[in-house]
Amino acid sequence: MKVIVVGPRGKMGKLITQIASERDDMELVAGVAPAGRDYIGQDLGQAAMVGRMLGVSVVDDLESVIDDCDVIIDFSTKEMGMKVLELAVAHEKALVCGTTGFSAEEMQRFKDAAQKIPMLYAANTSKLVNVMNRLLEMVASTLKDEIDIEILEMHDQWKKDAPSGTSKEMGEIMAHAMGKELSEVAVYGREGVSPREPGTIGYHSLRAGNIPSSHTVFFGGMGERLEITHHSYNWECFARGACDCAVYLADQEPGFYTIQDVLHLE
Ligand SMILES: NC(=O)C1=CN([C@@H]2O[C@H](COP(=O)(O)OP(=O)(O)OC[C@H]3O[C@@H](n4cnc5c(N)ncnc54)[C@H](O)[C@@H]3O)[C@@H](O)[C@H]2O)C=CC1
Ligand SMILES: O=C(O)C1=N[C@H](C(=O)O)C[C@H](O)C1
């Protein structure tokens with residue numbers, strides 16, 4: 001399975017390159033980075049700091065290498081994500097996108113593309129987060145508006161989007177489990193709002209230092225509280241999951257896939 005990594009110098013891109021280079025079922029064919037970077041033209045192993053040469057290059061033009069691959073893995077920016085999607089459709093290549101921060105309209109473009117290509121979008125490629133999502137669904141569907149739900153997510157100081165893509169997915173899963181849409185129940189920040197509006201899901205984003213990713217959902221009852229938390233210590237769990245998604249997608253027909261399909265969690 002031949003793969004192109006977009007953003008191979010990023011936190012995720014470096015780890016995806018490292019892990020893909022160690023797997024027998026993946027073959028790296030190129031990295032794609034922004035024009036003007038001093039590592040354009042370098043060996044991908046050197047650019048991604050893998051510690052050895054990989055015998056393929058980093059280029060600044062996806063279109064020049066896209067026909068060499070089976071699957072593109074993109075963890076970059078939402079602007080680049082839209083460009084990658086357009087090229088993937090034009091060249092009928094499978095695409096794994098883990099970038100977050102897309103609008104509802106942009107997300108619809110991924111779904112529309114699935115008519116032509118195998119498309120997998122996952123705001124979080126950690127196995128444990130996706131198991132956690134099932135637990136959240138169970139609590140929300142069992143207790144519905146008997147409980148107050150608050151989500152606290154923490155990430156590094158450089159993260160471009162808030163709230164995180166994962167917390168949006170978690171909110172959607174719990175809102176649907178209660179028979180609602182997230183847009184009806186989400187409240188972003190509660191400073192100055194008292195008392196708490198019943199039936200809402202509160203969002204709180206904290207950005208500090210180099211925290212990789214933490215998500216806690218608080219279920220507040222009367223005289224009791226349940227907290228379900230996932231902490232990542234680094235970005236490895238997401239990169240491993242992204243590689244699993246790419247291998248899964250290489251064998252699929254055009255369609256919209258999620259990590260639930262990869263993990264057989266449906
Ligand atoms: N789905 C998941 O499990 C995860 C998703 N993410 C998301 O992935 C995205 C990237 O996260 P990080 O790696 O932490 O960011 P980062 O800022 O470390 O890396 C982004 C990379 O994209 C590259 N890039 C930007 N514009 C580009 C262009 N035009 N052409 C080619 N490359 C371009 C940058 O050069 C950089 O190397 C974010 O949206 C983040 O929220 C991050 C971790 C896990
Ligand atoms: O930017 C990150 O780091 C992460 N982003 C994703 C998100 O927005 O949910 C996934 C994970 O939390 C790490």
# chains A, B, ... in the order shown; residues from 1 in each chain; ligands from 1
call {"tool": "residues_around", "arguments": {"residues": "Val29 (chain A)", "least_positions_apart": "2", "cutoff": "6 Å", "atoms": "only C-alpha atoms", "output": "PyMOL selection string"}}
result
chain A and resi 3-4+56
call {"tool": "write_last_selection", "arguments": {"atoms": "N, CA and C atoms", "output": "short mmCIF file (atom, residue, chain, number, x, y, z; two decimals), in the first residue's frame"}}
result
data_model
loop_
_atom_site.label_atom_id
_atom_site.label_comp_id
_atom_site.auth_asym_id
_atom_site.auth_seq_id
_atom_site.Cartn_x
_atom_site.Cartn_y
_atom_site.Cartn_z
N VAL A 3 1.81 5.16 0.15
CA VAL A 3 1.21 6.27 0.88
C VAL A 3 2.03 7.55 0.75
N ILE A 4 1.28 8.68 0.67
CA ILE A 4 1.88 10.02 0.73
C ILE A 4 1.48 10.65 2.05
N VAL A 56 12.89 8.38 -0.55
CA VAL A 56 11.87 9.15 -1.29
C VAL A 56 11.94 10.59 -0.79
#
call {"tool": "select_by_dssp", "arguments": {"residues": "region 36-154 of chain A", "states": "alpha helix (DSSP H)", "output": "ChimeraX atom specification"}}
result
/A:44-47,78-90,104-113,127-143
call {"tool": "residues_near_ligand", "arguments": {"ligand": "ligand 2", "cutoff": "6 Å", "atoms": "only C-alpha atoms and all ligand atoms", "output": "list in words"}}
result
Thr100, Ala123, Asn124, Lys159, Ser164, Gly165, Thr166, Pro212 and Ser213 of chain A
call {"tool": "write_last_selection", "arguments": {"atoms": "N, CA and C atoms", "output": "mmCIF file, in the first residue's frame"}}
result
data_model
loop_
_atom_site.group_PDB
_atom_site.id
_atom_site.type_symbol
_atom_site.label_atom_id
_atom_site.label_comp_id
_atom_site.auth_asym_id
_atom_site.auth_seq_id
_atom_site.Cartn_x
_atom_site.Cartn_y
_atom_site.Cartn_z
ATOM 1 N N THR A 100 -8.478 18.892 12.005
ATOM 2 C CA THR A 100 -9.708 19.352 12.659
ATOM 3 C C THR A 100 -9.941 20.831 12.351
ATOM 4 N N ALA A 123 -11.762 12.764 13.525
ATOM 5 C CA ALA A 123 -11.240 13.853 14.362
ATOM 6 C C ALA A 123 -10.311 13.307 15.437
ATOM 7 N N ASN A 124 -10.392 12.010 15.697
ATOM 8 C CA ASN A 124 -9.490 11.408 16.694
ATOM 9 C C ASN A 124 -9.233 9.966 16.303
ATOM 10 N N LYS A 159 -2.202 24.787 19.326
ATOM 11 C CA LYS A 159 -3.370 24.242 18.604
ATOM 12 C C LYS A 159 -4.192 25.381 17.988
ATOM 13 N N SER A 164 -11.830 21.402 20.497
ATOM 14 C CA SER A 164 -11.175 20.364 19.695
ATOM 15 C C SER A 164 -12.196 19.609 18.835
ATOM 16 N N GLY A 165 -11.687 19.020 17.745
ATOM 17 C CA GLY A 165 -12.558 18.201 16.895
ATOM 18 C C GLY A 165 -13.133 17.027 17.666
ATOM 19 N N THR A 166 -12.316 16.476 18.554
ATOM 20 C CA THR A 166 -12.773 15.325 19.350
ATOM 21 C C THR A 166 -13.947 15.716 20.239
ATOM 22 N N PRO A 212 -0.398 17.224 25.057
ATOM 23 C CA PRO A 212 -0.796 16.656 23.759
ATOM 24 C C PRO A 212 -2.313 16.656 23.570
ATOM 25 N N SER A 213 -3.048 16.047 24.496
ATOM 26 C CA SER A 213 -4.511 16.001 24.348
ATOM 27 C C SER A 213 -5.118 15.341 25.576
#
call {"tool": "residues_near_ligand", "arguments": {"ligand": "ligand 1", "cutoff": "6 Å", "atoms": "only C-alpha atoms and all ligand atoms", "output": "list in words"}}
result
Val6, Gly7, Pro8, Arg9, Gly10, Lys11, Met12, Gly13, Val32, Ala33, Pro34, Phe75, Ser76, Thr77, Met80, Gly98, Thr99, Thr100, Ala122, Ala123, Asn124, Thr125, Ser126 and Phe238 of chain A
call {"tool": "write_last_selection", "arguments": {"atoms": "C-alpha atoms", "output": "PDB file, in the first residue's frame"}}
result
ATOM      1  CA  VAL A   6       1.054  15.600   3.900  1.00  0.00           C
ATOM      2  CA  GLY A   7       2.856  17.813   6.436  1.00  0.00           C
ATOM      3  CA  PRO A   8       5.716  15.393   7.274  1.00  0.00           C
ATOM      4  CA  ARG A   9       7.457  17.937   9.509  1.00  0.00           C
ATOM      5  CA  GLY A  10       4.371  18.475  11.707  1.00  0.00           C
ATOM      6  CA  LYS A  11       3.852  16.817  15.100  1.00  0.00           C
ATOM      7  CA  MET A  12       1.554  14.223  13.544  1.00  0.00           C
ATOM      8  CA  GLY A  13       3.305  14.039  10.175  1.00  0.00           C
ATOM      9  CA  VAL A  32       4.259  17.019   0.771  1.00  0.00           C
ATOM     10  CA  ALA A  33       5.201  20.236   2.576  1.00  0.00           C
ATOM     11  CA  PRO A  34       4.525  23.948   2.031  1.00  0.00           C
ATOM     12  CA  PHE A  75      -2.899  15.942   9.121  1.00  0.00           C
ATOM     13  CA  SER A  76      -2.114  19.551   8.206  1.00  0.00           C
ATOM     14  CA  THR A  77      -4.406  22.577   8.154  1.00  0.00           C
ATOM     15  CA  MET A  80      -4.498  22.483   2.881  1.00  0.00           C
ATOM     16  CA  GLY A  98      -7.455  13.753  10.558  1.00  0.00           C
ATOM     17  CA  THR A  99      -7.195  17.537  10.437  1.00  0.00           C
ATOM     18  CA  THR A 100      -9.708  19.352  12.659  1.00  0.00           C
ATOM     19  CA  ALA A 122     -11.560  10.944  11.921  1.00  0.00           C
ATOM     20  CA  ALA A 123     -11.240  13.853  14.362  1.00  0.00           C
ATOM     21  CA  ASN A 124      -9.490  11.408  16.694  1.00  0.00           C
ATOM     22  CA  THR A 125      -7.626   8.278  15.597  1.00  0.00           C
ATOM     23  CA  SER A 126      -6.852   6.970  19.105  1.00  0.00           C
ATOM     24  CA  PHE A 238      -3.111   9.154  16.972  1.00  0.00           C
TER      25      PHE A 238
END
call {"tool": "residues_around", "arguments": {"residues": "Ile259 (chain A)", "least_positions_apart": "2", "cutoff": "8 Å", "atoms": "only C-alpha atoms", "output": "PyMOL selection string"}}
result
chain A and resi 120-122+125+130+245+257+261-263
call {"tool": "closest_residue", "arguments": {"among": "A:Gln260, A:Gln157, A:Ser64, A:Ser194", "to": "Gly209 (chain A)", "atoms": "only C-alpha atoms"}}
result
A:Gln157
call {"tool": "residues_around", "arguments": {"residues": "Val5 (chain A)", "least_positions_apart": "5", "cutoff": "12 Å", "atoms": "only C-alpha atoms", "output": "compact mmCIF listing (two decimals) with N, CA and C atoms, in the first residue's frame"}}
result
# COMPACT_ATOMS: atom_id res chain seq x y z
N GLY A 10 5.26 18.12 10.60
CA GLY A 10 4.37 18.47 11.71
C GLY A 10 4.45 17.44 12.83
N MET A 12 2.15 15.49 14.00
CA MET A 12 1.55 14.22 13.54
C MET A 12 2.30 13.65 12.35
N GLY A 13 2.65 14.50 11.40
CA GLY A 13 3.31 14.04 10.17
C GLY A 13 4.61 13.30 10.45
N LYS A 14 5.38 13.80 11.40
CA LYS A 14 6.66 13.13 11.74
C LYS A 14 6.40 11.71 12.26
N LEU A 15 5.45 11.61 13.17
CA LEU A 15 5.17 10.28 13.77
C LEU A 15 4.54 9.33 12.76
N ILE A 16 3.66 9.85 11.92
CA ILE A 16 3.04 8.99 10.89
C ILE A 16 4.13 8.47 9.95
N THR A 17 5.06 9.34 9.57
CA THR A 17 6.16 8.91 8.70
C THR A 17 6.99 7.83 9.39
N GLN A 18 7.32 8.06 10.65
CA GLN A 18 8.12 7.09 11.42
C GLN A 18 7.43 5.73 11.49
N ILE A 19 6.15 5.76 11.86
CA ILE A 19 5.41 4.50 12.05
C ILE A 19 5.19 3.79 10.71
N ALA A 20 4.82 4.55 9.69
CA ALA A 20 4.61 3.95 8.36
C ALA A 20 5.90 3.31 7.86
N SER A 21 7.03 3.96 8.15
CA SER A 21 8.32 3.44 7.64
C SER A 21 8.70 2.13 8.32
N MET A 26 3.01 -0.95 4.67
CA MET A 26 2.94 0.41 4.12
C MET A 26 4.26 0.76 3.44
N GLU A 27 4.14 1.48 2.30
CA GLU A 27 5.34 1.94 1.60
C GLU A 27 5.21 3.44 1.35
N LEU A 28 6.11 4.21 1.90
CA LEU A 28 6.06 5.66 1.71
C LEU A 28 6.55 6.01 0.31
N VAL A 29 5.82 6.88 -0.39
CA VAL A 29 6.29 7.27 -1.73
C VAL A 29 6.66 8.75 -1.81
N ALA A 30 6.20 9.58 -0.88
CA ALA A 30 6.59 11.00 -0.85
C ALA A 30 6.00 11.68 0.38
N GLY A 31 6.57 12.83 0.71
CA GLY A 31 5.98 13.74 1.69
C GLY A 31 5.67 15.03 0.95
N VAL A 32 4.63 15.75 1.42
CA VAL A 32 4.26 17.02 0.77
C VAL A 32 4.24 18.12 1.82
N ALA A 33 5.06 19.15 1.60
CA ALA A 33 5.20 20.24 2.58
C ALA A 33 4.96 21.58 1.87
N LEU A 44 12.69 12.08 2.71
CA LEU A 44 11.58 12.16 3.66
C LEU A 44 12.02 11.76 5.08
N GLY A 45 12.91 10.77 5.16
CA GLY A 45 13.39 10.32 6.48
C GLY A 45 14.14 11.42 7.21
N ALA A 47 13.80 14.78 6.52
CA ALA A 47 12.88 15.89 6.79
C ALA A 47 11.98 15.59 7.99
N ALA A 48 11.55 14.32 8.10
CA ALA A 48 10.64 13.95 9.20
C ALA A 48 11.41 13.49 10.44
N VAL A 56 12.89 8.38 -0.55
CA VAL A 56 11.87 9.15 -1.29
C VAL A 56 11.94 10.59 -0.79
N SER A 57 11.37 11.50 -1.60
CA SER A 57 11.61 12.94 -1.32
C SER A 57 10.39 13.66 -0.75
N VAL A 58 10.69 14.84 -0.21
CA VAL A 58 9.63 15.78 0.16
C VAL A 58 9.47 16.76 -1.00
N VAL A 59 8.24 16.92 -1.45
CA VAL A 59 7.96 17.86 -2.56
C VAL A 59 6.98 18.92 -2.06
N ASP A 60 6.83 19.99 -2.86
CA ASP A 60 5.86 21.02 -2.44
C ASP A 60 4.62 21.04 -3.33
N LEU A 62 1.65 18.44 -4.44
CA LEU A 62 1.01 17.11 -4.32
C LEU A 62 0.70 16.51 -5.70
N VAL A 65 3.14 14.09 -7.48
CA VAL A 65 3.43 12.74 -6.96
C VAL A 65 2.17 11.91 -6.71
N ILE A 66 1.01 12.53 -6.83
CA ILE A 66 -0.22 11.88 -6.36
C ILE A 66 -0.49 10.55 -7.08
N CYS A 69 0.66 7.08 -5.56
CA CYS A 69 0.20 6.52 -4.28
C CYS A 69 -1.16 5.83 -4.39
N ASP A 70 -1.47 5.04 -3.36
CA ASP A 70 -2.81 4.47 -3.21
C ASP A 70 -3.64 5.31 -2.23
N VAL A 71 -2.98 5.79 -1.17
CA VAL A 71 -3.68 6.51 -0.10
C VAL A 71 -2.87 7.75 0.30
N ILE A 72 -3.59 8.84 0.56
CA ILE A 72 -2.96 10.06 1.10
C ILE A 72 -3.36 10.17 2.57
N ILE A 73 -2.39 10.48 3.44
CA ILE A 73 -2.72 10.75 4.84
C ILE A 73 -2.46 12.23 5.09
N ASP A 74 -3.50 12.94 5.51
CA ASP A 74 -3.39 14.39 5.68
C ASP A 74 -3.74 14.82 7.10
N PHE A 75 -2.71 15.27 7.83
CA PHE A 75 -2.90 15.94 9.12
C PHE A 75 -2.15 17.26 8.98
N SER A 76 -2.83 18.29 8.46
CA SER A 76 -2.11 19.55 8.21
C SER A 76 -2.96 20.71 8.70
N VAL A 84 -6.11 19.22 -0.66
CA VAL A 84 -5.80 17.79 -0.77
C VAL A 84 -7.06 17.03 -1.21
N LEU A 95 -8.35 8.81 0.67
CA LEU A 95 -7.85 9.89 1.55
C LEU A 95 -8.25 9.64 3.01
N VAL A 96 -7.22 9.69 3.89
CA VAL A 96 -7.46 9.70 5.34
C VAL A 96 -7.20 11.13 5.79
N CYS A 97 -8.22 11.80 6.33
CA CYS A 97 -8.02 13.16 6.84
C CYS A 97 -8.29 13.17 8.33
N GLY A 98 -7.29 13.64 9.11
CA GLY A 98 -7.46 13.75 10.56
C GLY A 98 -7.37 15.19 11.03
N ALA A 239 -1.09 8.74 15.68
CA ALA A 239 -0.34 8.38 14.46
C ALA A 239 -0.51 6.89 14.16
N ALA A 242 -3.87 6.47 12.68
CA ALA A 242 -3.95 7.01 11.32
C ALA A 242 -3.39 6.00 10.32
N CYS A 243 -2.31 5.32 10.69
CA CYS A 243 -1.73 4.30 9.79
C CYS A 243 -2.70 3.12 9.64
N ALA A 246 -5.30 4.11 7.15
CA ALA A 246 -4.82 4.11 5.76
C ALA A 246 -4.79 2.69 5.20
call {"tool": "atom_distance", "arguments": {"atom1": "CA of Arg190 (chain A)", "atom2": "CA of Gly220 (chain A)"}}
result
15.3 Å
call {"tool": "atom_distance", "arguments": {"atom1": "CA of Gly179 (chain A)", "atom2": "CA of Gly202 (chain A)"}}
result
17.1 Å
call {"tool": "residues_around", "arguments": {"residues": "Ser103 (chain A)", "least_positions_apart": "5", "cutoff": "12 Å", "atoms": "only C-alpha atoms", "output": "PyMOL selection string"}}
result
chain A and resi 78-79+81-82+108-110+161+165+168
